[in-house]
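A.B. asks: So here's query-v7.txt (compact mmCIF, C-alpha atoms).
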# COMPACT_ATOMS: atom_id res chain seq x y z
CA MET A 21 20.52 -4.10 19.85
CA LYS A 22 19.43 -1.63 17.22
CA ILE A 23 16.07 -1.68 15.47
CA SER A 24 15.41 0.59 12.54
CA THR A 25 12.02 1.65 11.15
CA ASN A 26 11.14 4.32 8.59
CA ARG A 27 11.45 7.18 11.09
CA LEU A 28 12.89 5.61 14.23
CA ALA A 29 15.97 3.98 15.70
CA ILE A 30 15.48 1.84 18.78
CA ARG A 31 18.85 1.66 20.47
CA ASN A 32 20.59 1.72 23.82
CA LEU A 33 20.03 4.79 25.94
CA GLN A 34 22.96 7.22 25.95
CA LEU A 35 23.99 9.99 28.32
CA THR A 36 23.34 12.44 25.47
CA ASP A 37 19.65 11.47 25.86
CA LEU A 38 19.53 12.82 29.41
CA ASN A 39 17.77 16.15 28.78
CA ASP A 40 15.16 14.66 26.45
CA PHE A 41 14.64 11.66 28.76
CA HIS A 42 14.19 13.88 31.80
CA SER A 43 11.83 16.24 29.93
CA TYR A 44 9.09 13.58 29.89
CA ARG A 45 10.07 11.20 32.70
CA CYS A 46 9.53 14.07 35.17
CA LEU A 47 5.87 14.47 34.13
CA PRO A 48 3.10 12.95 36.28
CA ALA A 49 1.01 12.34 33.12
CA VAL A 50 3.75 10.06 31.73
CA ALA A 51 4.08 8.09 34.95
CA LEU A 52 0.30 7.83 35.43
CA TYR A 53 -0.06 4.29 34.03
CA GLN A 54 3.55 3.16 34.31
CA GLY A 55 5.42 1.05 36.82
CA PHE A 56 7.68 4.00 37.65
CA ASP A 57 7.29 7.32 39.41
CA ILE A 58 8.34 10.73 38.14
CA MET A 59 12.12 11.13 38.08
CA ASN A 60 14.40 14.06 38.82
CA LYS A 61 17.42 14.69 36.60
CA GLU A 62 19.83 12.80 38.86
CA GLU A 63 17.56 9.76 38.89
CA CYS A 64 17.31 9.93 35.10
CA GLU A 65 21.09 10.03 34.76
CA LYS A 66 21.52 7.07 37.11
CA PHE A 67 18.85 5.15 35.16
CA ILE A 68 20.56 5.84 31.82
CA ARG A 69 23.95 4.80 33.22
CA GLU A 70 22.40 1.54 34.42
CA TYR A 71 20.94 0.66 31.01
CA LYS A 72 23.24 2.31 28.45
CA ASP A 73 25.36 -0.81 27.89
CA LYS A 74 22.81 -3.55 28.65
CA GLU A 75 21.92 -6.07 25.99
CA LEU A 76 18.71 -7.98 25.56
CA GLY A 77 19.14 -11.63 26.32
CA LYS A 78 19.20 -12.47 30.02
CA PRO A 79 15.81 -14.09 30.76
CA GLY A 80 13.84 -12.38 33.50
CA GLU A 81 15.67 -9.06 33.15
CA TRP A 82 14.02 -5.90 31.82
CA VAL A 83 16.24 -3.91 29.46
CA GLN A 84 15.37 -0.30 28.64
CA PHE A 85 16.00 1.18 25.19
CA ALA A 86 15.72 4.60 23.59
CA ILE A 87 13.25 5.37 20.81
CA ALA A 88 14.83 8.15 18.73
CA GLN A 89 14.09 9.92 15.48
CA LYS A 90 16.49 8.72 12.78
CA GLN A 91 16.86 12.13 11.16
CA ASN A 92 18.27 13.91 14.24
CA ASP A 93 18.59 11.21 16.95
CA GLN A 94 16.15 13.12 19.19
CA LEU A 95 14.58 10.93 21.84
CA VAL A 96 10.81 10.54 21.41
CA GLY A 97 10.39 7.90 24.13
CA ASP A 98 11.72 4.69 25.55
CA CYS A 99 10.74 1.06 25.71
CA ALA A 100 11.51 -1.93 27.87
CA ILE A 101 11.75 -5.54 26.77
CA LYS A 102 11.99 -8.62 28.94
CA LEU A 103 12.47 -12.20 27.85
CA HIS A 104 10.60 -14.31 30.37
CA ALA A 105 12.28 -16.68 32.73
CA PRO A 106 12.21 -19.65 32.57
CA ASP A 107 11.16 -19.51 28.87
CA PRO A 108 12.88 -16.79 26.79
CA ARG A 109 10.62 -17.57 23.83
CA ILE A 110 8.08 -15.33 25.57
CA ALA A 111 8.74 -11.59 25.61
CA GLU A 112 7.05 -8.69 27.37
CA ILE A 113 7.15 -5.08 26.18
CA GLY A 114 6.51 -1.73 27.86
CA MET A 115 6.70 1.73 26.31
CA SER A 116 6.59 5.45 27.13
CA ILE A 117 6.31 8.18 24.51
CA SER A 118 6.97 11.82 25.35
CA PRO A 119 3.76 13.90 25.21
CA SER A 120 5.57 16.16 22.71
CA PHE A 121 5.62 13.24 20.26
CA GLN A 122 2.31 11.53 20.96
CA GLN A 123 -0.44 11.29 18.33
CA ARG A 124 2.12 11.03 15.49
CA GLY A 125 2.21 7.26 15.07
CA TYR A 126 5.57 6.81 16.82
CA ALA A 127 4.26 4.30 19.37
CA LYS A 128 2.75 2.12 16.67
CA GLU A 129 5.85 2.34 14.48
CA ALA A 130 8.11 1.49 17.41
CA MET A 131 5.90 -1.44 18.44
CA LEU A 132 5.90 -2.82 14.88
CA GLY A 133 9.70 -2.56 14.76
CA ILE A 134 10.08 -4.30 18.12
CA MET A 135 7.57 -7.01 17.21
CA ASN A 136 9.34 -7.65 13.89
CA PHE A 137 12.68 -7.90 15.70
CA LEU A 138 11.36 -10.22 18.41
CA PHE A 139 9.42 -12.53 16.11
CA ASN A 140 11.85 -12.66 13.18
CA GLN A 141 15.31 -12.17 14.69
CA LYS A 142 14.94 -13.45 18.25
CA GLU A 143 12.41 -16.10 17.13
CA VAL A 144 10.11 -15.34 20.04
CA HIS A 145 6.94 -17.44 20.14
CA ARG A 146 4.75 -14.96 22.03
CA ILE A 147 4.72 -11.27 22.99
CA VAL A 148 2.79 -10.09 26.04
CA GLU A 149 1.81 -6.57 27.03
CA ILE A 150 0.17 -5.72 30.34
CA THR A 151 -1.56 -2.36 30.58
CA ASP A 152 -3.57 -0.44 33.12
CA ALA A 153 -7.29 -0.98 32.49
CA GLU A 154 -7.74 2.82 32.40
CA ASN A 155 -4.99 3.43 29.81
CA LYS A 156 -7.24 3.92 26.79
CA ALA A 157 -4.41 4.98 24.44
CA SER A 158 -2.40 1.84 25.15
CA ILE A 159 -5.45 -0.39 24.79
CA GLN A 160 -6.33 1.23 21.45
CA LEU A 161 -2.74 0.79 20.22
CA LEU A 162 -2.62 -2.89 21.16
CA LYS A 163 -5.95 -3.61 19.49
CA SER A 164 -4.85 -1.76 16.33
CA LEU A 165 -1.78 -4.01 16.19
CA GLY A 166 -3.88 -7.16 16.44
CA PHE A 167 -3.12 -8.10 20.04
CA ARG A 168 -5.75 -10.24 21.78
CA GLN A 169 -7.01 -9.41 25.25
CA GLU A 170 -6.35 -12.52 27.31
CA GLY A 171 -6.99 -11.41 30.82
CA HIS A 172 -8.58 -8.80 33.04
CA PHE A 173 -6.98 -8.65 36.44
CA ILE A 174 -9.25 -6.78 38.84
CA GLU A 175 -7.58 -4.74 41.58
CA ASN A 176 -4.46 -6.88 41.28
CA ILE A 177 -1.85 -4.17 41.81
CA TRP A 178 -1.31 -1.47 44.43
CA PHE A 179 -0.45 1.53 42.30
CA ASN A 180 -0.55 5.31 42.94
CA ASN A 181 -1.97 4.73 46.42
CA LYS A 182 -4.95 2.70 45.20
CA TRP A 183 -5.77 -0.72 43.84
CA GLY A 184 -5.50 -0.84 40.08
CA SER A 185 -6.78 -3.24 37.48
CA GLU A 186 -4.87 -4.43 34.42
CA TYR A 187 -5.48 -6.09 31.08
CA GLN A 188 -3.14 -8.63 29.55
CA TYR A 189 -2.80 -8.65 25.77
CA ALA A 190 -0.73 -11.07 23.71
CA MET A 191 0.19 -12.06 20.18
CA LEU A 192 1.68 -15.31 18.88
CA ARG A 193 4.27 -15.43 16.13
CA LYS A 194 1.82 -17.31 13.88
CA GLU A 195 -0.72 -14.48 14.35
CA TRP A 196 1.98 -11.98 13.41
CA GLU A 197 2.89 -13.98 10.31
CA ASN A 198 -0.77 -14.17 9.24
CA ASN A 199 -1.34 -10.42 9.68
CA PHE A 200 1.96 -8.80 8.77
Produce structure tokens that represent the structure in this file.

C.D. replies:
Amino acid sequence: MKISTNRLAIRNLQLTDLNDFHSYRCLPAVALYQGFDIMNKEECEKFIREYKDKELGKPGEWVQFAIAQKQNDQLVGDCAIKLHAPDPRIAEIGMSISPSFQQRGYAKEAMLGIMNFLFNQKEVHRIVEITDAENKASIQLLKSLGFRQEGHFIENIWFNNKWGSEYQYAMLRKEWENNF
């Protein structure tokens, strides 16, 4: 899978991404609202090896992709996509952007590219995003893209040694077509 936007290429992770990947995946601030913990370099390499050749398509399986600048192929973040089982017409997305590249519109551009791909090429009916209720940046991004808040799950997940709450946002293909 390769998705191209004005500034970004969303592609499979590669071992050449290791240093950039580790530079932000080792930061507690990046892992704060994510379903992963900070990673050392060996863990990052193992992770990249696991996902570097995976293709999107097997329902129920998360697949991790690189988000890289087109001009120099530098990694700015990564994203995960899962087609739901038992219905692969529903997709879920997760994303991490390196703090070095935040506040530059990369997350929004990457999300728009992924949404366009899922709705128009994979013919997905619905995209879901679940975010920590305290993750204000993610919530703001989802709202700016036109996602609807569908649920508020209160203390539904044990996370970082405490109970956490989450919001579920979603968008239907027909909403995408009406707005974009």

A.B. asks: Which residues come within 9 Å of A:Arg168, counting all atoms listed in the file, excluding same-chain residues fewer than 2 positions away, as a PyMOL selection string?

C.D. replies: chain A and resi 162-163+166+170+188-191

A.B. asks: Pick out the closest residue to A:Asp57 from this set: A:Ser118, A:Gln34, A:Phe179, A:Ala105. Count all atoms listed in the file.

C.D. replies: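 Nearest candidate to A:Asp57 out of A:Ser118, A:Gln34, A:Phe179, A:Ala105: A:Phe179.
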
A.B. asks: List as a ChimeraX atom specification the protein and nucleic acid residues near A:Ile68, meaning an atom at most 8 Å away when all atoms listed in the file are counted, but skip any in the same chain fewer than 2 places from it.

C.D. replies: /A:33-35,38,64-66,70-72

A.B. asks: Provide the atom CA of A:Val144 to atom CA of A:Leu165 distance in Å, to one decimal place.

C.D. replies: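 Between atom CA of A:Val144 and atom CA of A:Leu165 the gap is 16.9 Å.
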
A.B. asks: Closest to A:Gly55 among A:Ala86, A:Ile150, A:Leu138, A:Leu76, using only C-alpha atoms?

C.D. replies: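 Closest to A:Gly55, using only C-alpha atoms: A:Ile150.
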
A.B. asks: Check the smallest atom-to-atom distance from each of A:Glu197, A:Asp98, A:Glu154, A:Asp37 to A:Asn140 using all atoms listed in the file, then report the winner.

C.D. replies: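 Using all atoms listed in the file, A:Asn140 sits closest to A:Glu197.
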
A.B. asks: Could you work out how far atom CA of A:Asp152 lies from atom CA of A:Ile177, giving the answer in Å with one decimal?

C.D. replies: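 Pair atom CA of A:Ile177 / atom CA of A:Asp152 returns 9.6 Å.
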
A.B. asks: Output as an mmCIF file, in the coordinates of the input: stretch 141-153 of chain A, completed with N, CA, C and O atoms.

C.D. replies:
data_model
loop_
_atom_site.group_PDB
_atom_site.id
_atom_site.type_symbol
_atom_site.label_atom_id
_atom_site.label_comp_id
_atom_site.auth_asym_id
_atom_site.auth_seq_id
_atom_site.Cartn_x
_atom_site.Cartn_y
_atom_site.Cartn_z
ATOM 1 N N GLN A 141 13.883 -12.028 14.386
ATOM 2 C CA GLN A 141 15.310 -12.170 14.690
ATOM 3 C C GLN A 141 15.560 -12.972 15.965
ATOM 4 O O GLN A 141 16.464 -13.780 16.019
ATOM 5 N N LYS A 142 14.770 -12.712 16.987
ATOM 6 C CA LYS A 142 14.940 -13.450 18.250
ATOM 7 C C LYS A 142 14.113 -14.735 18.272
ATOM 8 O O LYS A 142 14.226 -15.518 19.203
ATOM 9 N N GLU A 143 13.262 -14.917 17.259
ATOM 10 C CA GLU A 143 12.410 -16.100 17.130
ATOM 11 C C GLU A 143 11.561 -16.352 18.369
ATOM 12 O O GLU A 143 11.388 -17.485 18.817
ATOM 13 N N VAL A 144 11.020 -15.265 18.901
ATOM 14 C CA VAL A 144 10.110 -15.340 20.040
ATOM 15 C C VAL A 144 8.809 -15.979 19.585
ATOM 16 O O VAL A 144 8.354 -15.761 18.467
ATOM 17 N N HIS A 145 8.208 -16.772 20.439
ATOM 18 C CA HIS A 145 6.940 -17.440 20.140
ATOM 19 C C HIS A 145 5.744 -16.550 20.471
ATOM 20 O O HIS A 145 4.717 -16.615 19.799
ATOM 21 N N ARG A 146 5.889 -15.702 21.501
ATOM 22 C CA ARG A 146 4.750 -14.960 22.030
ATOM 23 C C ARG A 146 5.220 -13.649 22.634
ATOM 24 O O ARG A 146 6.240 -13.598 23.308
ATOM 25 N N ILE A 147 4.450 -12.580 22.383
ATOM 26 C CA ILE A 147 4.720 -11.270 22.990
ATOM 27 C C ILE A 147 3.514 -10.913 23.856
ATOM 28 O O ILE A 147 2.372 -11.028 23.429
ATOM 29 N N VAL A 148 3.812 -10.454 25.065
ATOM 30 C CA VAL A 148 2.790 -10.090 26.040
ATOM 31 C C VAL A 148 2.935 -8.609 26.366
ATOM 32 O O VAL A 148 4.048 -8.090 26.446
ATOM 33 N N GLU A 149 1.825 -7.962 26.567
ATOM 34 C CA GLU A 149 1.810 -6.570 27.030
ATOM 35 C C GLU A 149 0.744 -6.481 28.112
ATOM 36 O O GLU A 149 -0.397 -6.929 27.919
ATOM 37 N N ILE A 150 1.110 -5.928 29.247
ATOM 38 C CA ILE A 150 0.170 -5.720 30.340
ATOM 39 C C ILE A 150 -0.015 -4.212 30.483
ATOM 40 O O ILE A 150 0.959 -3.465 30.544
ATOM 41 N N THR A 151 -1.278 -3.784 30.514
ATOM 42 C CA THR A 151 -1.560 -2.360 30.580
ATOM 43 C C THR A 151 -2.634 -2.068 31.622
ATOM 44 O O THR A 151 -3.499 -2.908 31.887
ATOM 45 N N ASP A 152 -2.560 -0.888 32.181
ATOM 46 C CA ASP A 152 -3.570 -0.440 33.120
ATOM 47 C C ASP A 152 -4.925 -0.425 32.413
ATOM 48 O O ASP A 152 -5.037 0.011 31.269
ATOM 49 N N ALA A 153 -5.952 -0.903 33.089
ATOM 50 C CA ALA A 153 -7.290 -0.980 32.490
ATOM 51 C C ALA A 153 -7.856 0.399 32.153
ATOM 52 O O ALA A 153 -8.800 0.496 31.373
#
